[in-house]
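Source file input-v5.cif; content: mmCIF, C-alpha atoms.
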data_target
loop_
_atom_site.label_atom_id
_atom_site.label_comp_id
_atom_site.auth_asym_id
_atom_site.auth_seq_id
_atom_site.Cartn_x
_atom_site.Cartn_y
_atom_site.Cartn_z
CA MET A 1463 15.64 21.39 14.53
CA GLY A 1464 15.42 19.21 17.57
CA PRO A 1465 16.96 16.22 19.32
CA ASN A 1466 15.98 12.63 18.57
CA GLY A 1467 12.46 11.98 19.79
CA ALA A 1468 11.51 15.66 19.95
CA GLY A 1469 8.62 15.07 17.54
CA LYS A 1470 10.03 16.52 14.30
CA THR A 1471 8.81 13.64 12.14
CA THR A 1472 5.46 13.55 13.95
CA LEU A 1473 5.04 17.28 13.30
CA LEU A 1474 5.79 16.86 9.58
CA LYS A 1475 3.37 13.93 9.33
CA CYS A 1476 0.67 16.00 11.03
CA LEU A 1477 1.27 18.81 8.53
CA ALA A 1478 1.03 16.27 5.69
CA THR A 1479 -2.25 14.98 7.27
CA LEU A 1480 -0.85 11.46 7.69
CA LEU A 1481 -1.38 11.76 11.45
CA GLN A 1482 -4.24 13.46 13.25
CA PRO A 1483 -3.11 15.88 15.96
CA SER A 1484 -4.22 14.68 19.40
CA ASP A 1485 -5.19 18.21 20.35
CA GLY A 1486 -5.51 21.73 18.98
CA GLU A 1487 -6.32 23.22 15.60
CA GLY A 1488 -4.35 24.39 12.61
CA THR A 1489 -4.34 25.29 8.94
CA VAL A 1490 -1.89 24.31 6.20
CA CYS A 1491 -1.93 26.33 2.97
CA GLY A 1492 -5.15 27.88 4.24
CA PHE A 1493 -6.95 24.57 4.75
CA ASP A 1494 -8.16 23.02 7.99
CA LEU A 1495 -5.74 20.35 9.16
CA ARG A 1496 -8.50 18.13 10.54
CA LYS A 1497 -11.21 18.51 7.90
CA GLU A 1498 -9.54 19.30 4.58
CA GLY A 1499 -6.82 16.68 4.36
CA ASP A 1500 -7.30 16.04 0.66
CA ALA A 1501 -6.91 19.71 -0.28
CA ILE A 1502 -3.74 19.84 1.83
CA ARG A 1503 -2.25 16.68 0.29
CA GLU A 1504 -2.76 18.21 -3.17
CA ARG A 1505 -0.46 21.08 -2.19
CA VAL A 1506 2.01 19.43 0.16
CA GLY A 1507 4.85 17.01 -0.56
CA LEU A 1508 6.58 14.95 2.13
CA VAL A 1509 10.00 13.29 1.99
CA THR A 1510 10.64 10.87 4.85
CA VAL A 1511 14.02 9.40 5.81
CA ARG A 1512 13.48 6.23 3.75
CA GLY A 1513 11.13 7.79 1.24
CA TYR A 1514 8.09 6.22 -0.38
CA VAL A 1515 9.78 4.14 -3.06
CA TYR A 1516 9.38 0.48 -4.00
CA ASP A 1517 12.48 -1.73 -4.09
CA ASP A 1518 11.17 -3.97 -6.87
CA LEU A 1519 10.21 -1.14 -9.23
CA THR A 1520 12.76 0.67 -11.35
CA ALA A 1521 13.57 4.31 -10.69
CA GLU A 1522 11.41 5.33 -13.66
CA GLU A 1523 8.51 3.09 -12.59
CA ASN A 1524 8.63 4.62 -9.11
CA LEU A 1525 8.37 8.06 -10.66
CA ARG A 1526 5.52 6.93 -12.91
CA PHE A 1527 3.63 5.48 -9.94
CA SER A 1528 4.12 8.66 -7.96
CA ALA A 1529 2.96 10.86 -10.85
CA ARG A 1530 -0.12 8.77 -11.58
CA MET A 1531 -1.10 8.65 -7.91
CA SER A 1532 -0.80 12.45 -7.85
CA GLY A 1533 -3.14 12.69 -10.85
CA LEU A 1534 -0.43 13.70 -13.34
CA LYS A 1535 -0.08 12.36 -16.88
CA LEU A 1536 3.56 12.69 -17.91
CA GLY A 1537 5.38 11.37 -20.95
CA ALA A 1538 8.42 9.06 -20.90
CA ASP A 1539 10.68 12.03 -21.73
CA GLU A 1540 9.50 13.92 -18.68
CA TYR A 1541 10.32 10.98 -16.39
CA ARG A 1542 13.76 10.70 -17.96
CA ALA A 1543 14.33 14.43 -17.54
CA ALA A 1544 13.31 14.25 -13.88
CA LEU A 1545 15.77 11.40 -13.30
CA ALA A 1546 18.52 13.20 -15.23
CA ARG A 1547 17.94 16.17 -12.96
CA VAL A 1548 19.00 14.06 -9.95
CA GLY A 1549 21.78 12.28 -11.84
CA LEU A 1550 20.03 8.92 -12.23
CA GLU A 1551 19.38 8.81 -16.00
CA ARG A 1552 21.82 5.91 -16.47
CA VAL A 1553 20.07 3.72 -13.92
CA ALA A 1554 16.50 4.67 -14.81
CA GLU A 1555 15.71 1.05 -15.78
CA GLN A 1556 17.35 -0.50 -12.73
CA ARG A 1557 15.40 -1.69 -9.72
CA VAL A 1558 15.71 0.54 -6.66
CA ARG A 1559 16.69 -2.60 -4.68
CA THR A 1560 20.16 -2.30 -6.24
CA PHE A 1561 20.57 1.39 -5.28
CA SER A 1562 22.66 2.82 -2.47
CA THR A 1563 20.98 4.94 0.23
CA GLY A 1564 22.06 8.12 -1.54
CA MET A 1565 20.70 6.98 -4.92
CA ARG A 1566 17.44 5.99 -3.28
CA LYS A 1567 17.21 9.46 -1.78
CA ARG A 1568 17.69 10.97 -5.23
CA VAL A 1569 14.69 9.00 -6.52
CA VAL A 1570 12.69 10.44 -3.62
CA LEU A 1571 13.81 13.97 -4.53
CA ALA A 1572 12.82 13.37 -8.16
CA GLN A 1573 9.39 12.22 -6.97
CA LEU A 1574 9.01 15.45 -5.03
CA ARG A 1575 9.85 17.64 -8.03
CA ILE A 1576 7.45 16.15 -10.55
CA ARG A 1577 4.43 17.99 -9.23
CA PRO A 1578 3.91 21.64 -8.26
CA LEU A 1579 3.84 22.17 -4.49
CA GLU A 1580 2.97 24.99 -2.11
CA LEU A 1581 4.74 23.32 0.81
CA ALA A 1582 7.58 20.79 0.77
CA LEU A 1583 8.30 18.88 3.98
CA LEU A 1584 11.76 17.31 4.12
CA ASP A 1585 12.58 14.97 7.00
CA GLU A 1586 16.36 14.56 7.44
CA PRO A 1587 16.92 15.16 3.70
CA TYR A 1588 20.72 15.11 4.02
CA ALA A 1589 20.89 11.72 5.75
CA GLY A 1590 22.91 9.19 3.72
CA LEU A 1591 23.89 11.67 0.99
CA ASP A 1592 27.39 12.40 -0.28
CA THR A 1593 28.64 15.97 -0.86
CA GLN A 1594 27.10 16.07 -4.34
CA GLY A 1595 23.79 14.80 -3.01
CA MET A 1596 23.77 17.42 -0.26
CA ALA A 1597 24.46 20.14 -2.80
CA LEU A 1598 21.55 18.80 -4.85
CA VAL A 1599 19.19 19.08 -1.85
CA ASP A 1600 20.38 22.68 -1.29
CA GLU A 1601 19.76 23.43 -4.95
CA PHE A 1602 16.26 21.93 -4.76
CA VAL A 1603 15.49 23.99 -1.68
CA ARG A 1604 16.62 27.17 -3.47
CA GLU A 1605 14.55 26.27 -6.52
CA PHE A 1606 11.50 25.70 -4.35
CA ARG A 1607 12.09 29.06 -2.70
CA ASP A 1608 12.40 30.83 -6.07
CA GLU A 1609 9.14 29.22 -7.18
CA GLY A 1610 7.39 30.47 -4.05
CA THR A 1611 7.18 27.03 -2.42
CA THR A 1612 7.70 26.99 1.33
CA VAL A 1613 10.17 24.33 2.50
CA ILE A 1614 10.30 22.94 6.02
CA ILE A 1615 13.39 20.85 6.81
CA ALA A 1616 13.47 18.73 9.95
CA SER A 1617 16.94 17.80 11.13
CA HIS A 1618 19.04 17.23 14.21
CA GLN A 1619 22.20 18.47 12.45
CA ALA A 1620 22.64 22.24 12.61
CA GLY A 1621 24.98 23.23 9.80
CA GLU A 1622 23.47 21.23 6.96
CA ALA A 1623 19.83 21.94 7.69
CA THR A 1624 20.27 25.67 8.10
CA ARG A 1625 22.56 26.23 5.10
CA ALA A 1626 19.69 26.88 2.71
CA ALA A 1627 17.20 28.06 5.33
CA GLU A 1628 15.97 31.56 6.13
CA GLN A 1629 14.62 30.80 9.58
CA THR A 1630 15.54 28.24 12.23
CA LEU A 1631 13.22 26.91 14.92
CA ILE A 1632 13.92 24.49 17.74
CA LEU A 1633 11.38 21.84 18.67
CA ASN A 1634 11.88 20.56 22.18
CA ASP A 1635 9.43 19.23 24.79
CA GLY A 1636 6.58 19.85 22.35
CA LYS A 1637 7.35 23.56 22.00
CA LEU A 1638 8.70 25.48 19.01
CA SER A 1639 11.05 28.36 19.74
CA PRO A 1640 13.14 30.53 17.39
CA MET A 1641 16.92 30.36 17.47
CA ASP A 1642 19.58 32.64 16.08
CA HIS A 1643 19.73 31.62 12.45
CA ASP A 1644 23.27 32.88 11.77
CA GLU A 1645 24.60 30.94 14.72
CA ALA A 1646 22.85 27.78 13.47
CA ALA A 1647 24.06 28.31 9.89
CA ARG A 1648 27.67 28.71 11.00
CA SER A 1649 27.57 25.68 13.22
CA HIS A 1650 28.53 22.24 11.99
CA LEU A 1651 27.87 20.71 15.36
CA SER A 1652 24.96 18.57 16.43
CA PHE A 1653 21.78 19.87 18.00
CA GLU A 1654 22.93 19.11 21.53
CA SER A 1655 25.81 21.58 21.30
CA LEU A 1656 23.41 24.42 20.48
CA GLY A 1657 22.18 24.53 24.04
CA ALA A 1658 19.07 22.35 24.00
CA GLY A 1659 20.23 18.95 25.31
CA GLU A 1660 18.53 15.62 24.55
CA GLY A 1661 14.80 15.64 25.35
CA MET B 387 -13.11 8.17 -12.87
CA GLU B 388 -10.04 9.56 -11.08
CA LEU B 389 -10.77 7.10 -8.26
CA LEU B 390 -10.61 4.14 -10.67
CA ARG B 391 -7.52 5.51 -12.40
CA ARG B 392 -5.64 5.68 -9.09
CA ALA B 393 -6.96 2.26 -8.09
CA TRP B 394 -5.67 0.85 -11.37
CA THR B 395 -2.27 2.47 -10.72
CA ILE B 396 -2.05 0.51 -7.45
CA VAL B 397 -3.09 -2.70 -9.23
CA TRP B 398 -0.43 -2.08 -11.90
CA LYS B 399 2.23 -1.52 -9.25
CA ASP B 400 1.26 -4.56 -7.15
CA LEU B 401 1.01 -6.94 -10.10
CA LEU B 402 4.30 -5.70 -11.55
CA ILE B 403 6.06 -6.34 -8.23
CA GLU B 404 4.34 -9.74 -7.92
CA ALA B 405 5.33 -10.66 -11.49
CA ARG B 406 8.96 -9.90 -10.60
CA THR B 407 9.12 -11.51 -7.18
CA LYS B 408 6.36 -14.18 -7.51
CA GLN B 409 6.37 -14.35 -3.73
CA ALA B 410 2.62 -14.55 -3.17
CA PHE B 411 1.65 -16.62 -6.22
CA ASN B 412 4.22 -19.39 -5.78
CA ALA B 413 3.56 -19.75 -2.06
CA MET B 414 -0.20 -19.81 -2.62
CA VAL B 415 -0.12 -22.44 -5.38
CA PHE B 416 2.11 -24.80 -3.39
CA PHE B 417 0.08 -24.30 -0.23
CA ALA B 418 -3.24 -24.85 -2.03
CA ALA B 419 -1.96 -28.02 -3.73
CA LEU B 420 -0.72 -29.30 -0.37
CA VAL B 421 -4.09 -28.68 1.30
CA LEU B 422 -5.93 -30.54 -1.46
CA PHE B 423 -3.45 -33.46 -1.33
CA ILE B 424 -3.87 -33.79 2.43
CA PHE B 425 -7.68 -33.81 2.16
CA SER B 426 -7.52 -36.29 -0.70
CA PHE B 427 -5.29 -38.71 1.23
CA ALA B 428 -7.27 -38.27 4.45
CA LEU B 429 -10.60 -39.15 2.78
CA GLY B 430 -9.28 -42.12 0.79
CA PRO B 431 -10.30 -43.37 -2.67
CA ASP B 432 -14.10 -43.23 -2.22
CA THR B 433 -15.02 -41.28 -5.39
CA GLU B 434 -18.62 -40.65 -4.41
CA LEU B 435 -17.62 -39.27 -0.99
CA LEU B 436 -14.91 -37.09 -2.55
CA GLN B 437 -17.39 -35.60 -5.00
CA GLN B 438 -19.95 -34.98 -2.26
CA VAL B 439 -17.47 -33.01 -0.19
CA SER B 440 -15.48 -31.52 -3.08
CA GLY B 441 -17.18 -28.10 -2.81
CA GLY B 442 -16.27 -27.81 0.86
CA LEU B 443 -12.71 -29.00 0.34
CA LEU B 444 -12.15 -26.61 -2.55
CA TRP B 445 -13.39 -23.57 -0.67
CA VAL B 446 -11.50 -24.47 2.51
CA GLY B 447 -8.40 -24.65 0.30
CA ILE B 448 -9.24 -21.30 -1.33
CA ALA B 449 -9.93 -19.65 2.05
CA PHE B 450 -6.69 -20.90 3.63
CA THR B 451 -4.71 -19.96 0.55
CA GLY B 452 -6.39 -16.58 0.30
CA ILE B 453 -5.20 -15.70 3.81
CA LEU B 454 -1.63 -15.82 2.51
CA SER B 455 -2.49 -13.26 -0.16
CA LEU B 456 -4.44 -11.05 2.24
CA ASN B 457 -1.62 -10.99 4.77
CA ARG B 458 0.64 -9.65 2.05
CA THR B 459 -1.87 -7.06 0.82
CA TYR B 460 -0.49 -4.19 2.87
CA GLN B 461 2.73 -5.80 4.12
CA SER B 462 4.06 -5.44 0.57
CA GLU B 463 4.04 -1.68 1.23
CA GLU B 464 6.49 -2.03 4.12
CA THR B 465 9.63 -1.39 2.06
CA SER B 466 8.14 1.91 0.94
CA GLY B 467 7.12 3.24 4.33
CA GLY B 468 3.98 1.17 4.86
CA ILE B 469 0.42 2.08 3.94
CA GLU B 470 1.40 5.68 4.73
CA GLY B 471 3.23 5.66 1.39
CA LEU B 472 -0.16 5.40 -0.34
CA ARG B 473 -1.95 7.83 1.96
CA VAL B 474 0.54 10.60 1.23
CA TYR B 475 -1.01 11.16 -2.20
CA PRO B 476 -4.04 13.40 -2.74
CA GLY B 477 -7.42 11.95 -3.67
CA ASP B 478 -10.03 9.66 -2.20
CA PRO B 479 -8.41 6.98 0.04
CA ARG B 480 -11.00 4.51 -1.27
CA ALA B 481 -8.74 4.16 -4.32
CA ILE B 482 -6.34 2.26 -2.02
CA PHE B 483 -9.12 -0.18 -1.06
CA LEU B 484 -10.22 -0.66 -4.67
CA GLY B 485 -6.65 -1.11 -5.91
CA LYS B 486 -5.81 -3.68 -3.25
CA LEU B 487 -9.16 -5.41 -3.77
CA PHE B 488 -8.72 -5.77 -7.55
CA GLY B 489 -5.16 -7.00 -7.02
CA ASN B 490 -6.29 -9.66 -4.53
CA ILE B 491 -9.10 -10.81 -6.83
CA ILE B 492 -6.72 -11.17 -9.80
CA ILE B 493 -4.07 -13.11 -7.83
CA LEU B 494 -6.62 -15.40 -6.15
CA LEU B 495 -8.38 -16.13 -9.46
CA ALA B 496 -4.99 -16.96 -11.00
CA VAL B 497 -4.34 -19.43 -8.17
CA GLU B 498 -7.81 -20.94 -8.64
CA MET B 499 -7.01 -21.61 -12.30
CA VAL B 500 -4.43 -24.07 -10.98
CA LEU B 501 -6.48 -25.19 -7.97
CA PHE B 502 -9.66 -26.22 -9.82
CA PRO B 503 -7.93 -28.56 -12.33
CA ALA B 504 -5.89 -30.05 -9.45
CA ALA B 505 -9.10 -30.67 -7.52
CA ALA B 506 -10.69 -32.21 -10.62
CA VAL B 507 -7.88 -34.75 -10.81
CA LEU B 508 -7.71 -35.52 -7.09
CA PHE B 509 -11.49 -35.66 -6.47
CA GLN B 510 -12.38 -37.08 -9.91
CA ILE B 511 -14.70 -34.22 -10.82
CA GLN B 512 -15.85 -33.53 -14.40
CA LEU B 513 -14.96 -29.84 -14.79
CA LEU B 514 -15.58 -29.19 -18.47
CA PRO B 515 -19.36 -29.87 -18.59
CA HIS B 516 -19.85 -27.37 -15.73
CA ALA B 517 -17.00 -24.98 -16.51
CA LEU B 518 -19.15 -21.85 -16.95
CA GLU B 519 -21.25 -22.39 -13.83
CA LEU B 520 -18.19 -23.21 -11.72
CA ALA B 521 -16.34 -20.18 -13.07
CA GLY B 522 -19.31 -17.98 -12.12
CA VAL B 523 -19.39 -19.34 -8.57
CA ALA B 524 -15.59 -19.07 -8.26
CA ILE B 525 -15.64 -15.44 -9.39
CA LEU B 526 -18.51 -14.46 -7.06
CA GLY B 527 -16.93 -16.30 -4.12
CA THR B 528 -13.50 -14.84 -4.78
CA ILE B 529 -14.92 -11.32 -5.01
CA GLY B 530 -16.75 -11.76 -1.69
CA PHE B 531 -13.70 -13.26 0.01
CA SER B 532 -11.44 -10.48 -1.29
CA ILE B 533 -13.82 -7.65 -0.33
CA VAL B 534 -14.05 -8.70 3.32
CA GLY B 535 -10.41 -9.82 3.41
CA THR B 536 -9.01 -6.59 1.95
CA PHE B 537 -11.00 -4.58 4.47
CA TYR B 538 -9.96 -6.65 7.50
CA ALA B 539 -6.34 -6.73 6.30
CA ALA B 540 -6.34 -2.91 6.50
CA LEU B 541 -7.75 -3.08 10.02
CA THR B 542 -5.11 -5.53 11.22
CA VAL B 543 -2.05 -4.27 9.30
CA ASN B 544 -0.62 -2.35 12.25
CA LEU B 545 -1.27 -5.08 14.84
CA ARG B 546 1.63 -7.09 16.18
CA ALA B 547 -0.30 -10.39 15.93
CA ARG B 548 -1.83 -9.57 12.54
CA GLU B 549 -1.20 -13.06 11.07
CA VAL B 550 -3.42 -14.52 13.81
CA MET B 551 -5.91 -11.68 14.08
CA LEU B 552 -6.77 -11.55 10.38
CA PRO B 553 -8.20 -15.10 10.12
CA LEU B 554 -9.83 -14.78 13.56
CA LEU B 555 -11.75 -11.71 12.41
CA LEU B 556 -12.23 -12.75 8.81
CA PHE B 557 -13.55 -16.31 8.91
CA PRO B 558 -16.66 -15.61 11.04
CA ALA B 559 -17.59 -12.77 8.68
CA LEU B 560 -17.12 -15.08 5.69
CA ILE B 561 -19.59 -17.74 6.85
CA PRO B 562 -22.48 -16.62 4.57
CA MET B 563 -20.14 -16.41 1.57
CA LEU B 564 -18.61 -19.84 2.31
CA LEU B 565 -22.10 -21.36 2.74
CA GLY B 566 -23.16 -20.01 -0.63
CA ALA B 567 -19.97 -20.95 -2.46
CA VAL B 568 -19.66 -24.48 -0.97
CA ASN B 569 -23.30 -25.40 -1.60
CA ALA B 570 -23.39 -23.92 -5.11
CA THR B 571 -20.13 -25.66 -6.07
CA THR B 572 -21.24 -29.04 -4.66
CA LEU B 573 -24.63 -28.86 -6.36
CA ILE B 574 -23.01 -28.02 -9.71
CA VAL B 575 -20.49 -30.88 -9.36
CA VAL B 576 -22.87 -33.63 -8.20
CA GLY B 577 -25.85 -32.52 -10.27
CA ASP B 578 -28.58 -29.98 -9.65
CA PRO B 579 -31.88 -31.24 -11.14
CA MET B 580 -33.98 -28.87 -8.96
CA LEU B 581 -31.76 -25.88 -9.81
CA ASP B 582 -31.17 -25.24 -6.10
CA SER B 583 -27.79 -23.67 -6.80
CA GLY B 584 -29.60 -20.49 -7.89
CA ILE B 585 -30.52 -19.76 -4.25
CA TRP B 586 -26.89 -20.04 -3.16
CA ILE B 587 -25.67 -17.92 -6.07
CA ARG B 588 -28.18 -15.22 -5.11
CA LEU B 589 -26.79 -15.37 -1.55
CA LEU B 590 -23.28 -14.87 -2.97
CA VAL B 591 -24.37 -11.88 -5.06
CA THR B 592 -26.17 -10.31 -2.08
CA PHE B 593 -23.14 -10.87 0.16
CA ASP B 594 -20.80 -9.29 -2.40
CA VAL B 595 -22.98 -6.21 -2.91
CA ILE B 596 -23.64 -5.58 0.81
CA PHE B 597 -20.04 -6.02 1.92
CA PHE B 598 -18.68 -4.02 -1.02
CA VAL B 599 -20.88 -1.03 -0.17
CA ILE B 600 -20.13 -1.22 3.58
CA SER B 601 -16.37 -1.75 3.16
CA LEU B 602 -16.01 1.04 0.60
CA TRP B 603 -17.99 3.37 2.82
CA ILE B 604 -16.05 2.85 6.05
CA PHE B 605 -12.57 2.15 4.60
CA PRO B 606 -11.29 5.74 5.14
CA ILE B 607 -12.10 5.33 8.86
CA ALA B 608 -10.23 2.00 8.98
CA LEU B 609 -7.18 3.76 7.54
CA GLU B 610 -7.06 6.38 10.28
CA GLU B 611 -4.33 5.73 12.80
#
Starting from the file, lay out its structure as structure tokens.
Amino acid sequence: MGPNGAGKTTLLKCLATLLQPSDGEGTVCGFDLRKEGDAIRERVGLVTVRGYVYDDLTAEENLRFSARMSGLKLGADEYRAALARVGLERVAEQRVRTFSTGMRKRVVLAQLRIRPLELALLDEPYAGLDTQGMALVDEFVREFRDEGTTVIIASHQAGEATRAAEQTLILNDGKLSPMDHDEAARSHLSFESLGAGEG
Amino acid sequence: MELLRRAWTIVWKDLLIEARTKQAFNAMVFFAALVLFIFSFALGPDTELLQQVSGGLLWVGIAFTGILSLNRTYQSEETSGGIEGLRVYPGDPRAIFLGKLFGNIIILLAVEMVLFPAAAVLFQIQLLPHALELAGVAILGTIGFSIVGTFYAALTVNLRAREVMLPLLLFPALIPMLLGAVNATTLIVVGDPMLDSGIWIRLLVTFDVIFFVISLWIFPIALEE
């Protein structure tokens, strides 16, 4: 968790090897962050606020593109099943351009679930989702956990982000510090009210 | 093999989006036709003069038109989070270069299939007797243009003045390719009894090979932010 501009998205992009850290060293899934980007990308999935989906492709075509780019060969049934899982089977043939923010987010979640991951990075996954959508994200997080996949959620909203989490960290002024998880889970207030004002 | 498979996936995605929106193709065809019309009117009805300069006019038209396609190469990714949306996947990033390159070549060749007949009418060129030779030169020239253009488009994609920077960087690098393509096309159109076009075609092949190897090699560095 952290206020706007704290560097949550930057941190996730560094972990996904989309950005090179300006300083320091690190490993993700046992691989060097600077030298073994490809090995890391094979094991890590990233969901950004807007997600990597194309407006002029259908929901199913977006899934197909994502699977092929990840080196997977799936059948039409598997794409349909993945879309049914996020409640989009009826609009599988519709272009994403016609989707609401929440529906778009569901396509992004379906993209994330089509390949096995060791680490899932979710940037503001609850943004733009209705109650059902939020419950779906929680369910996905639990499923990941049961499968042994580590999930890192970046958010500036306390209650939602910590609902499915086991540990809560605050990122502020470039430093990560632990915070009382139960307090964060109970809270439905914004980051600022948890004692770490805007950075 | 995996590299080509991923490159083809990008081509499939780009062409599917282009087939639905027709944004690049329509703009390029109209712009190319306009350029040829302007040259045709500016030079007047002198058939001999038009044929003598037809190679140059055609390739200036192709180069100007191609810039439109190149500017869109990576901008078309903007709705999906930019080029980052392609880098998030595992595998060799050169697949992105190859995919974008093949896509540019296909779209530019499709535009040229309209451009060459239009030029034949406006400049009174006999296309059919030289169709194979002209097609060969067009393909080699288009490949060369697209290789350098796809590479420079990646370099300039994050610049604020990318629409200006791309042609400023690209055209000087294209001079050998344009020399080869213009001279080979003109010689084929006006007649080539000494078979001099072979020299220019060899220049085109050499340009394509050298720039393909260099661009493919250093593309991952160009992608780094």
>> Just the number, please: distance in Å from CA of Ile1502 (chain A) to CA of His1618 (chain A), one decimal.
In response: 26.1 Å
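Going from CA of Trp398 (chain B) to CA of Arg1547 (chain A) covers 25.9 Å.
Residues matched by the PyMOL selection byres ((chain B) within 8 of (chain A)) in this file: Glu388, Arg392, Thr395, Ile396, Lys399, Leu402, Ile403, Arg406, Thr407, Glu463, Thr465, Ser466, Gly467, Glu470, Gly471, Arg473, Val474, Tyr475, Pro476, Gly477, Asp478, Glu610 and Glu611 of chain B.
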> Separation of CA of Ile533 (chain B) and CA of Val575 (chain B), in Å?
Replying inline: 25.8 Å
> If the PyMOL selection byres ((chain A and resi 1634-1639) around 6) is run on the structure shown, which residues does it catch, given as number ranges by chain?
Replying inline: A: 1464, 1468, 1631-1633, 1640
>> List as a list in words the protein and nucleic acid residues near Gln510 (chain B), meaning an atom at most 8 Å away when only C-alpha atoms are counted, but skip any in the same chain fewer than 2 places from it.
In response: Thr433, Leu436, Gln437, Ala505, Ala506, Val507, Leu508 and Gln512 of chain B
> Counting only C-alpha atoms, which of A:Glu1487, A:Glu1551, A:Glu1628, A:Asp1592 gets nearest to Thr1612 (chain A)?
Replying inline: A:Glu1628
